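Structure below is structure_21.txt: compact mmCIF, C-alpha atoms and all ligand atoms.
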```txt
# COMPACT_ATOMS: atom_id res chain seq x y z
CA MET F 3 36.68 59.43 -45.00
CA TYR F 4 40.34 58.41 -44.89
CA VAL F 5 42.65 59.25 -47.75
CA LEU F 6 45.68 57.09 -48.38
CA TYR F 7 48.45 57.54 -50.87
CA SER F 8 50.47 54.82 -52.57
CA GLN F 9 53.83 55.13 -54.27
CA ALA F 10 53.32 51.86 -56.19
CA SER F 11 53.86 53.46 -59.54
CA THR F 12 55.77 56.48 -60.53
CA LYS F 13 52.43 58.18 -60.61
CA GLU F 14 50.70 58.73 -57.31
CA THR F 15 47.71 56.44 -56.76
CA LYS F 16 44.92 57.69 -54.59
CA PHE F 17 42.54 55.49 -52.57
CA THR F 18 39.47 56.44 -50.72
CA SER F 19 38.23 54.30 -47.90
CA GLY F 20 34.94 54.03 -46.05
CA PRO F 21 32.28 52.60 -48.29
CA CYS F 22 34.72 52.66 -51.20
CA THR F 23 36.01 49.24 -52.33
CA GLN F 24 37.19 50.51 -55.64
CA VAL F 25 40.84 50.61 -56.58
CA LEU F 26 41.53 53.42 -58.91
CA LYS F 27 43.48 52.69 -62.01
CA PRO F 28 46.39 55.02 -62.32
CA ALA F 29 46.26 57.39 -65.21
CA CYS F 30 48.49 56.76 -68.26
CA PHE F 31 48.73 53.03 -67.44
CA ASN F 32 50.39 51.24 -70.31
CA LEU F 33 51.53 47.68 -69.37
CA SER F 34 50.79 44.13 -70.66
CA THR F 35 47.63 42.50 -69.23
CA SER F 36 49.45 40.17 -66.82
CA ALA F 37 51.67 42.97 -65.60
CA TYR F 38 48.53 45.03 -65.25
CA TRP F 39 46.83 42.38 -63.01
CA LEU F 40 50.01 41.87 -61.07
CA PHE F 41 50.07 45.54 -60.45
CA GLN F 42 46.41 45.49 -59.47
CA TRP F 43 47.01 42.70 -56.93
CA ASN F 44 49.89 44.65 -55.55
CA LEU F 45 47.59 47.59 -55.10
CA VAL F 46 44.90 45.44 -53.49
CA ALA F 47 47.47 44.06 -51.05
CA GLN F 48 48.75 47.49 -50.20
CA PHE F 49 45.25 48.80 -49.85
CA THR F 50 44.33 45.96 -47.47
CA CYS F 51 47.41 46.67 -45.44
CA ARG F 52 46.64 50.32 -45.13
CA ILE F 53 42.97 49.82 -44.45
CA SER F 54 43.97 47.48 -41.63
CA VAL F 55 46.06 50.20 -40.09
CA VAL F 56 43.12 52.54 -40.29
CA LEU F 57 40.73 49.92 -38.91
CA PHE F 58 43.10 49.11 -36.12
CA PHE F 59 43.45 52.65 -34.92
CA GLY F 60 39.81 53.40 -35.70
CA ALA F 61 38.64 50.49 -33.58
CA PHE F 62 41.17 51.43 -30.96
CA PHE F 63 39.86 54.93 -30.51
CA CYS F 64 36.22 53.90 -30.87
CA ASN F 65 36.66 51.36 -28.12
CA CYS F 66 38.64 53.52 -25.86
CA TYR F 67 37.47 57.01 -26.49
CA ILE F 68 33.94 57.24 -27.75
CA GLY F 69 31.34 57.20 -25.01
CA LYS F 70 33.93 56.92 -22.24
CA ASN F 71 34.86 60.56 -22.03
CA MET F 72 38.55 59.79 -21.83
CA ASP F 73 41.30 62.01 -22.84
CA LEU F 74 44.01 60.50 -25.01
CA GLY F 75 46.81 61.82 -22.82
CA ASP F 76 45.36 59.89 -19.91
CA PHE F 77 44.71 56.81 -21.95
CA GLY F 78 48.37 56.58 -22.90
CA LYS F 79 49.22 56.18 -19.23
CA GLY F 80 48.98 52.61 -17.98
CA ARG F 81 46.53 53.51 -15.22
CA MET F 82 43.82 54.37 -17.73
CA VAL F 83 44.07 50.91 -19.24
CA GLY F 84 42.87 49.61 -15.90
CA GLN F 85 39.72 51.74 -16.19
CA LEU F 86 38.75 50.46 -19.61
CA THR F 87 36.12 47.83 -19.85
CA CYS F 88 37.49 44.36 -20.26
CA ASP F 89 35.87 44.06 -23.69
CA SER F 90 37.54 47.12 -25.10
CA VAL F 91 40.97 46.08 -23.89
CA ILE F 92 40.50 42.60 -25.33
CA GLU F 93 39.36 44.11 -28.61
CA VAL F 94 42.35 46.46 -28.75
CA LYS F 95 44.67 43.56 -28.02
CA ARG F 96 42.95 41.37 -30.61
CA LEU F 97 43.27 44.05 -33.26
CA GLY F 98 46.83 44.76 -32.18
CA TYR F 99 47.66 41.09 -32.49
CA ALA F 100 45.96 40.82 -35.89
CA PHE F 101 47.89 43.85 -36.98
CA LEU F 102 51.18 42.35 -35.84
CA ARG F 103 50.41 39.15 -37.71
CA PHE F 104 49.48 41.16 -40.78
CA CYS F 105 52.87 42.83 -40.72
CA SER F 106 54.63 39.51 -40.89
CA SER F 107 56.99 40.72 -43.56
CA SER F 108 58.09 43.70 -41.52
CA GLN F 109 61.35 43.95 -39.54
CA ILE F 110 59.60 42.98 -36.29
CA HIS F 111 59.86 39.33 -37.22
CA GLN F 112 63.34 39.54 -38.64
CA HIS F 113 65.05 40.71 -35.44
CA PRO F 114 67.81 38.23 -34.59
CA LEU F 115 67.46 38.52 -30.78
CA PRO F 116 64.64 37.05 -28.68
CA MET F 117 62.23 39.89 -28.20
CA ILE F 118 58.82 40.52 -26.72
CA HIS F 119 56.78 43.23 -28.39
CA VAL F 120 54.98 45.19 -25.70
CA ASP F 121 53.33 48.47 -26.64
CA ALA F 122 53.99 50.98 -23.90
CA PHE F 123 50.71 52.63 -24.93
CA LEU F 124 48.88 49.60 -23.51
CA TYR F 125 51.31 48.30 -20.91
CA ASP F 126 53.66 50.78 -19.27
CA ASP F 127 56.69 49.67 -17.23
CA ASP F 128 54.75 49.44 -13.97
CA VAL F 129 52.16 47.16 -15.52
CA VAL F 130 54.86 44.97 -17.06
CA ASP F 131 56.65 44.84 -13.70
CA SER F 132 53.51 43.63 -11.94
CA LEU F 133 52.85 41.04 -14.62
CA CYS F 134 56.42 39.81 -14.17
CA GLU F 135 55.99 39.70 -10.40
CA GLU F 136 52.78 37.67 -10.85
CA GLY F 137 54.71 35.26 -13.09
CA LYS F 138 52.54 36.12 -16.12
CA MET F 139 55.41 37.62 -18.07
CA SER F 140 59.16 37.34 -17.89
CA ARG F 141 61.92 39.83 -18.56
CA SER F 142 64.47 37.07 -18.99
CA TYR F 143 64.83 33.73 -20.73
CA CYS F 144 67.12 30.75 -20.46
CA THR F 145 69.83 30.99 -23.12
CA GLU F 146 70.15 27.18 -23.11
CA CYS F 147 66.53 26.12 -23.61
CA GLY F 148 64.66 29.39 -24.28
CA SER F 149 62.32 28.93 -21.31
CA TYR F 150 60.74 32.06 -19.85
CA LYS F 151 60.39 30.34 -16.48
CA THR F 152 63.37 31.99 -14.88
CA ALA F 153 63.91 33.43 -11.42
CA SER F 154 66.24 36.04 -10.01
CA LEU F 155 69.40 34.88 -8.32
CA GLU F 156 70.17 35.97 -4.80
CA PHE F 157 73.59 37.60 -4.47
CA ILE F 158 75.52 37.32 -1.23
CA SER F 159 78.84 38.88 -0.35
CA HIS F 160 81.24 36.97 1.87
CA SER F 161 83.29 40.04 2.63
CA PHE F 162 82.60 43.57 3.83
CA SER F 163 82.23 46.21 1.14
CA LEU F 164 84.33 49.36 1.19
CA MET F 165 81.34 51.29 2.52
CA GLU F 166 80.88 48.84 5.41
CA LEU F 167 84.59 48.94 6.22
CA LYS F 168 84.63 52.74 6.36
CA PHE F 169 81.54 52.71 8.56
CA LEU F 170 83.15 50.10 10.82
CA TYR F 171 86.42 51.92 11.38
CA GLN F 172 85.19 55.51 11.20
CA HIS F 173 81.84 55.29 13.00
CA VAL F 174 81.42 52.00 14.87
CA LEU F 175 84.74 51.40 16.60
CA PRO F 176 86.43 53.87 18.97
CA ASP F 177 90.04 54.99 18.61
CA LEU F 178 92.05 51.76 18.33
CA THR F 179 95.49 53.14 19.13
CA GLY F 180 97.53 50.33 20.67
CA LYS F 181 94.64 47.82 20.46
CA VAL F 182 94.56 44.24 19.13
CA VAL F 183 91.93 43.39 16.52
CA VAL F 184 91.06 39.80 15.56
CA ASP F 185 89.04 39.11 12.43
CA VAL F 186 87.53 35.64 12.70
CA GLY F 187 87.42 34.17 9.18
CA SER F 188 89.48 36.83 7.46
CA ARG F 189 88.96 35.48 3.92
CA LEU F 190 90.40 38.13 1.52
CA GLY F 191 91.80 40.27 4.32
CA ALA F 192 89.40 43.19 3.85
CA VAL F 193 88.93 43.85 7.57
CA LEU F 194 92.69 43.64 8.16
CA PHE F 195 93.72 45.91 5.28
CA ALA F 196 91.07 48.50 6.13
CA GLY F 197 92.15 48.33 9.79
CA TYR F 198 95.73 48.99 8.74
CA LEU F 199 94.73 52.05 6.71
CA TYR F 200 91.82 53.47 8.72
CA SER F 201 92.93 52.77 12.30
CA SER F 202 95.95 52.88 14.60
CA ALA F 203 95.43 49.34 15.90
CA SER F 204 98.82 47.95 16.95
CA GLN F 205 98.08 44.42 15.68
CA LEU F 206 95.49 43.05 13.31
CA TYR F 207 95.13 39.26 13.29
CA GLY F 208 93.18 37.29 10.72
CA VAL F 209 92.24 33.67 11.40
CA GLU F 210 91.14 31.79 8.29
CA MET F 211 90.62 28.06 7.85
CA ASN F 212 90.81 28.14 4.07
CA ALA F 213 94.43 27.76 2.87
CA ASP F 214 93.87 29.46 -0.52
CA PHE F 215 92.47 32.58 1.14
CA CYS F 216 95.41 32.62 3.56
CA GLN F 217 97.82 32.53 0.62
CA LEU F 218 95.98 35.38 -1.08
CA GLN F 219 96.13 37.50 2.07
CA GLU F 220 99.87 36.79 2.49
CA MET F 221 100.50 37.95 -1.09
CA MET F 222 98.74 41.24 -0.46
CA ILE F 223 100.47 41.76 2.89
CA THR F 224 103.85 41.32 1.21
CA LYS F 225 102.96 43.41 -1.82
CA TYR F 226 101.67 46.38 0.18
CA GLU F 227 104.13 45.97 3.08
CA PHE F 228 101.50 45.48 5.78
CA ILE F 229 103.67 42.94 7.58
CA ASP F 230 104.50 45.19 10.55
CA ARG F 231 100.89 45.21 11.84
CA ILE F 232 98.98 42.39 10.09
CA LYS F 233 99.34 38.68 10.74
CA VAL F 234 97.27 35.87 9.20
CA VAL F 235 96.87 32.54 10.97
CA HIS F 236 95.80 29.54 8.93
CA ALA F 237 93.60 27.69 11.44
CA ASP F 238 90.16 26.85 12.70
CA ILE F 239 89.25 29.57 15.20
CA CYS F 240 88.37 26.87 17.73
CA THR F 241 92.11 26.10 18.01
CA GLN F 242 93.01 29.71 18.89
CA PRO F 243 91.79 30.45 22.44
CA SER F 244 94.73 32.64 23.47
CA LEU F 245 94.34 34.91 20.45
CA LEU F 246 90.66 35.48 21.29
CA GLN F 247 91.49 36.07 24.95
CA LYS F 248 93.95 38.86 24.21
CA ALA F 249 91.78 40.66 21.60
CA ASP F 250 90.42 44.13 22.30
CA VAL F 251 88.12 43.90 19.30
CA VAL F 252 86.78 40.71 17.66
CA VAL F 253 85.12 41.02 14.27
CA MET F 254 82.77 38.29 13.06
CA ASN F 255 81.13 38.96 9.71
CA ASN F 256 78.86 36.01 8.82
CA VAL F 257 81.67 33.67 9.77
CA PHE F 258 80.00 30.34 10.36
CA GLU F 259 76.57 30.54 8.69
CA TYR F 260 77.62 29.47 5.21
CA PHE F 261 80.65 27.37 6.07
CA LEU F 262 79.74 25.04 8.94
CA ASP F 263 76.78 22.79 9.62
CA ARG F 264 74.44 23.69 12.48
CA GLN F 265 76.11 21.50 15.05
CA GLU F 266 79.55 22.87 14.19
CA GLN F 267 78.18 26.41 14.30
CA ALA F 268 76.72 25.83 17.77
CA ARG F 269 80.04 24.41 18.99
CA ALA F 270 82.01 27.32 17.45
CA TRP F 271 79.73 29.92 19.08
CA GLU F 272 80.09 28.27 22.45
CA PHE F 273 83.87 28.39 21.99
CA ILE F 274 83.72 32.10 21.10
CA ALA F 275 81.50 32.88 24.09
CA CYS F 276 83.94 31.06 26.38
CA ASN F 277 87.04 32.84 25.08
CA VAL F 278 85.95 36.37 24.18
CA ARG F 279 85.61 37.29 27.83
CA ARG F 280 87.79 40.30 28.51
CA ARG F 281 85.58 42.80 30.30
CA GLY F 282 85.04 45.92 28.16
CA SER F 283 86.39 44.34 24.97
CA LEU F 284 84.27 44.77 21.85
CA LEU F 285 82.58 42.28 19.55
CA VAL F 286 81.33 43.27 16.10
CA THR F 287 78.95 40.84 14.41
CA VAL F 288 76.96 40.55 11.18
CA PRO F 289 74.13 39.71 11.60
CA SER F 290 73.13 40.25 15.23
CA LEU F 291 74.09 37.63 17.83
CA GLU F 292 70.39 37.09 18.46
CA GLU F 293 69.80 36.26 14.81
CA SER F 294 72.81 33.95 14.49
CA LEU F 295 72.03 32.04 17.65
CA SER F 296 68.27 31.85 17.17
CA LYS F 297 68.63 29.03 14.63
CA LEU F 298 71.10 27.04 16.73
CA GLN F 299 71.03 24.94 19.85
CA ALA F 300 74.00 26.66 21.40
CA ASP F 301 74.58 27.04 25.12
CA VAL F 302 75.26 30.79 25.09
CA GLN F 303 73.63 33.08 27.66
CA LEU F 304 73.65 36.38 25.80
CA SER F 305 72.45 38.54 28.68
CA GLN F 306 75.29 37.36 30.89
CA TRP F 307 77.94 37.68 28.20
CA VAL F 308 77.35 40.96 26.28
CA GLU F 309 75.44 44.22 26.13
CA GLU F 310 74.59 45.75 22.78
CA VAL F 311 75.95 49.22 21.98
CA GLN F 312 73.39 51.17 19.93
CA LEU F 313 74.80 52.44 16.63
CA ASN F 314 73.78 55.53 14.74
CA TYR F 315 73.38 54.36 11.15
CA ASP F 316 72.51 57.90 9.98
CA VAL F 317 76.00 59.12 10.72
CA TYR F 318 77.34 57.63 7.49
CA MET F 319 76.57 60.36 4.97
CA GLU F 320 78.43 59.28 1.84
CA LYS F 321 76.45 58.86 -1.35
CA ASP F 322 77.09 55.11 -1.78
CA VAL F 323 75.28 54.32 1.46
CA ASP F 324 73.37 51.06 1.63
CA ARG F 325 71.47 51.52 4.86
CA GLU F 326 70.14 47.97 4.94
CA ALA F 327 73.68 46.58 4.83
CA LEU F 328 74.86 48.95 7.56
CA GLU F 329 71.97 47.93 9.80
CA GLN F 330 73.26 44.37 9.76
CA ILE F 331 76.36 45.50 11.65
CA HIS F 332 76.05 45.12 15.44
CA LEU F 333 78.41 46.14 18.23
CA TYR F 334 78.56 44.47 21.65
CA ARG F 335 80.55 45.21 24.78
CA ILE F 336 81.69 42.20 26.82
CA LEU F 337 80.31 42.23 30.38
C1 LIG O 401 81.88 35.66 5.34
S1 LIG O 401 83.58 35.37 5.35
C2 LIG O 401 84.19 36.71 6.28
C3 LIG O 401 85.06 37.63 5.48
C4 LIG O 401 85.78 38.73 6.17
N1 LIG O 401 85.79 38.65 7.59
C5 LIG O 401 85.19 40.05 5.73
O1 LIG O 401 84.35 40.56 6.47
O2 LIG O 401 85.51 40.57 4.70
C6 LIG O 401 83.73 34.04 6.46
C7 LIG O 401 85.08 33.34 6.39
O3 LIG O 401 85.20 32.58 7.56
C8 LIG O 401 85.91 31.41 7.28
N2 LIG O 401 85.59 30.47 8.36
C9 LIG O 401 84.44 29.82 8.57
N3 LIG O 401 84.52 29.07 9.68
C10 LIG O 401 85.76 29.27 10.19
C11 LIG O 401 86.43 28.77 11.32
N4 LIG O 401 85.84 27.89 12.17
N5 LIG O 401 87.69 29.16 11.54
C12 LIG O 401 88.30 30.02 10.72
N6 LIG O 401 87.72 30.52 9.61
C13 LIG O 401 86.45 30.15 9.37
C14 LIG O 401 85.42 31.00 5.90
O4 LIG O 401 86.38 30.20 5.24
C15 LIG O 401 85.24 32.37 5.23
O5 LIG O 401 86.36 32.71 4.47
```
Kindly return the structure encoded in the file as structure tokens.
Amino acid sequence: MYVLYSQASTKETKFTSGPCTQVLKPACFNLSTSAYWLFQWNLVAQFTCRISVVLFFGAFFCNCYIGKNMDLGDFGKGRMVGQLTCDSVIEVKRLGYAFLRFCSSSQIHQHPLPMIHVDAFLYDDDVVDSLCEEGKMSRSYCTECGSYKTASLEFISHSFSLMELKFLYQHVLPDLTGKVVVDVGSRLGAVLFAGYLYSSASQLYGVEMNADFCQLQEMMITKYEFIDRIKVVHADICTQPSLLQKADVVVMNNVFEYFLDRQEQARAWEFIACNVRRRGSLLVTVPSLEESLSKLQADVQLSQWVEEVQLNYDVYMEKDVDREALEQIHLYRIL
């Protein structure tokens, strides 16, 4: 027997459930007839609401607990939901849904933001994640049309991060005292500025074909007085053979992949392979040469041009380490 209490009148009204369908008239009730019936309807409504709560949880536990020897602590965890019979889960969901509909006047439906009501008792985060992965649920919606059919965007960086730059100058490259570094496609100047601060390279050249990026780099060089060791050349790298020929280190971070079509990429790689030829000079690439060239019809004989220098990616111990990103960095020695 369940006992519910109502605060509908100043006097406490007591209901009994189970076989009881009777609504008890509060003591000392002294209103007009219509007010009396109004009050009675109010009580009936409240009673129905409360009995639904009881039925909901009653059915819930009957379905899930009785005869299945489950412990409630376990049931609360998503994995137990998977062990329930299909019928009981459907029933719990049906009752849950009916209950939600019944509470239509509650705050749930008045929330101004788009919201999905997911009871963690039934679906924990892992279950929701898998449903999202399977495309059965969505954690996002389109703010224009409200559609749940959304997909995650891929993010790509067109410059080295601070972590990658530190790794490059502190763990990949040897002492650069007196050496010439050329960054092919210098963009914002990250490789040049880091080279100025983290190495003793005598000259750092950036070659960039985009005029706006060249202007940006010039502004920073002036502002931070890097002019004595950094120079930016506004040009297509394929017009700069002598610069490549005198470089001790050439850095190529995803230079062509997103900026040239396949034929242009193949031509540019052939030009690089022809002009980065100084024996013992170093070439840093992201991704590997093998990966870049595998998609192209370029006449580059890797085995006759370079040998790969194995890098120790574990050497970078700082807490912001993104190992996957570091593993994209490759070092080659020119043969
Ligand atoms: C991915 S970004 C490299 C950014 C920079 N090196 C870094 O690591 O921070 C590639 C840059 O190469 C430039 N680029 C592409 N093809 C080029 C070419 N043939 N000559 C010169 N610059 C080029 C693009 O404009 C782009 O700014």
May I have a table of the residues of chain F lying at most 10 Å from ligand LIG 401 (chain O), giving each one's closest pair of atoms and their distance in Å to one decimal, counting only C-alpha atoms and all ligand atoms, ordered by chain and ascending residue number, as CSV?
```
residue,atom,partner,partner_atom,distance
F:Ile158,CA,O:LIG401,C1,9.3
F:Ser159,CA,O:LIG401,C1,7.2
F:His160,CA,O:LIG401,C1,3.8
F:Ser161,CA,O:LIG401,O2,3.1
F:Phe162,CA,O:LIG401,O2,4.3
F:Ser163,CA,O:LIG401,O2,7.4
F:Leu164,CA,O:LIG401,O2,9.5
F:Glu166,CA,O:LIG401,O1,9.0
F:Leu167,CA,O:LIG401,O1,8.4
F:Val184,CA,O:LIG401,N1,9.6
F:Asp185,CA,O:LIG401,N1,5.8
F:Val186,CA,O:LIG401,N6,6.0
F:Gly187,CA,O:LIG401,O3,3.2
F:Ser188,CA,O:LIG401,N1,4.1
F:Arg189,CA,O:LIG401,O5,3.8
F:Leu190,CA,O:LIG401,O2,6.3
F:Gly191,CA,O:LIG401,O2,6.3
F:Ala192,CA,O:LIG401,O2,4.8
F:Val193,CA,O:LIG401,O2,5.5
F:Leu194,CA,O:LIG401,N1,8.5
F:Phe195,CA,O:LIG401,O2,9.8
F:Ala196,CA,O:LIG401,O2,9.8
F:Gly208,CA,O:LIG401,N1,8.1
F:Val209,CA,O:LIG401,C12,5.4
F:Glu210,CA,O:LIG401,N6,3.9
F:Met211,CA,O:LIG401,C12,4.2
F:Asn212,CA,O:LIG401,O4,5.0
F:Ala213,CA,O:LIG401,O4,8.7
F:Asp214,CA,O:LIG401,O4,9.5
F:Phe215,CA,O:LIG401,O5,7.0
F:Cys216,CA,O:LIG401,O5,9.1
F:Val235,CA,O:LIG401,C12,8.9
F:His236,CA,O:LIG401,C12,7.7
F:Ala237,CA,O:LIG401,C12,5.8
F:Asp238,CA,O:LIG401,N5,3.6
F:Ile239,CA,O:LIG401,N5,4.0
F:Cys240,CA,O:LIG401,N4,6.2
F:Thr241,CA,O:LIG401,N5,8.4
F:Gln242,CA,O:LIG401,N5,9.1
F:Val253,CA,O:LIG401,N1,7.1
F:Met254,CA,O:LIG401,N1,6.3
F:Asn255,CA,O:LIG401,O1,4.8
F:Asn256,CA,O:LIG401,C1,4.6
F:Val257,CA,O:LIG401,C6,3.9
F:Phe258,CA,O:LIG401,N3,4.7
F:Glu259,CA,O:LIG401,C9,7.9
F:Tyr260,CA,O:LIG401,C1,7.5
F:Phe261,CA,O:LIG401,C9,5.2
F:Leu262,CA,O:LIG401,N3,6.3
F:Asp263,CA,O:LIG401,N3,10.0
F:Glu266,CA,O:LIG401,N4,8.3
F:Gln267,CA,O:LIG401,N4,8.1
F:Arg269,CA,O:LIG401,N4,9.6
F:Ala270,CA,O:LIG401,N4,6.5
F:Trp271,CA,O:LIG401,N4,9.4
F:Thr287,CA,O:LIG401,O1,9.6
F:Val288,CA,O:LIG401,O1,8.8
```
Using all atoms listed in the file, find the one residue out of F:Tyr334, F:Leu199, F:Pro289, F:Leu206 that sits nearest to Arg231 of chain F.
-> F:Leu206
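Across F:Leu178, F:Met139, F:Leu328, F:Leu304, the tightest approach to His119 of chain F is made by F:Met139 when counting all atoms listed in the file.
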Listed atoms of segment 144-152 of chain F, axis-aligned box, 6 Å per side: centre and edge lengths to one decimal in Å, as AutoDock Vina command-line options?
```
--center_x 65.3 --center_y 29.1 --center_z -19.6 --size_x 21.8 --size_y 17.9 --size_z 21.4
```
List as number ranges by chain: which residues have an atom within 12 Å of (85.8, 43.7, 22.7), counting all atoms listed in the file?
-> F: 175-176, 178, 181-185, 246-254, 274-275, 277-287, 307-311, 333-337
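The gap separating atom CA of Ser305 of chain F from atom CA of Asp177 of chain F is 26.1 Å, in Å to one decimal.
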Measure the distance from atom CA of Gln312 of chain F to atom CA of Tyr198 of chain F in Å and round it to one decimal.
->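 Result for atom CA of Gln312 of chain F versus atom CA of Tyr198 of chain F: 25.1 Å, one decimal.
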One residue among F:Gln205, F:Glu326, F:His173, F:Asp230 is nearest to Leu313 of chain F when using only C-alpha atoms, and that residue is F:His173
What's the 12 Å shell around segment 141-155 of chain F, counting only C-alpha atoms, without same-chain residues fewer than 6 positions away, as a ChimeraX atom specification?
-> /F:115-120,127,130-135
Could you work out how far atom CA of Ser290 of chain F lies from atom CA of Ser244 of chain F, giving the answer in Å with one decimal?
-> 24.3 Å
Which polymer residues, protein or nucleic acid, are no farther than 10 Å from (73.4, 32.7, 21.0), counting all atoms listed in the file, as a CSV table (one decimal) with C-alpha atoms, in the coordinates of the input?
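Written file, selection-v8.csv:
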```csv
chain,number,residue,atom,x,y,z
F,268,ALA,CA,76.7,25.8,17.8
F,271,TRP,CA,79.7,29.9,19.1
F,272,GLU,CA,80.1,28.3,22.4
F,275,ALA,CA,81.5,32.9,24.1
F,290,SER,CA,73.1,40.2,15.2
F,291,LEU,CA,74.1,37.6,17.8
F,292,GLU,CA,70.4,37.1,18.5
F,293,GLU,CA,69.8,36.3,14.8
F,294,SER,CA,72.8,34.0,14.5
F,295,LEU,CA,72.0,32.0,17.6
F,296,SER,CA,68.3,31.8,17.2
F,297,LYS,CA,68.6,29.0,14.6
F,298,LEU,CA,71.1,27.0,16.7
F,299,GLN,CA,71.0,24.9,19.8
F,300,ALA,CA,74.0,26.7,21.4
F,301,ASP,CA,74.6,27.0,25.1
F,302,VAL,CA,75.3,30.8,25.1
F,303,GLN,CA,73.6,33.1,27.7
F,304,LEU,CA,73.6,36.4,25.8
F,305,SER,CA,72.4,38.5,28.7
F,307,TRP,CA,77.9,37.7,28.2
```
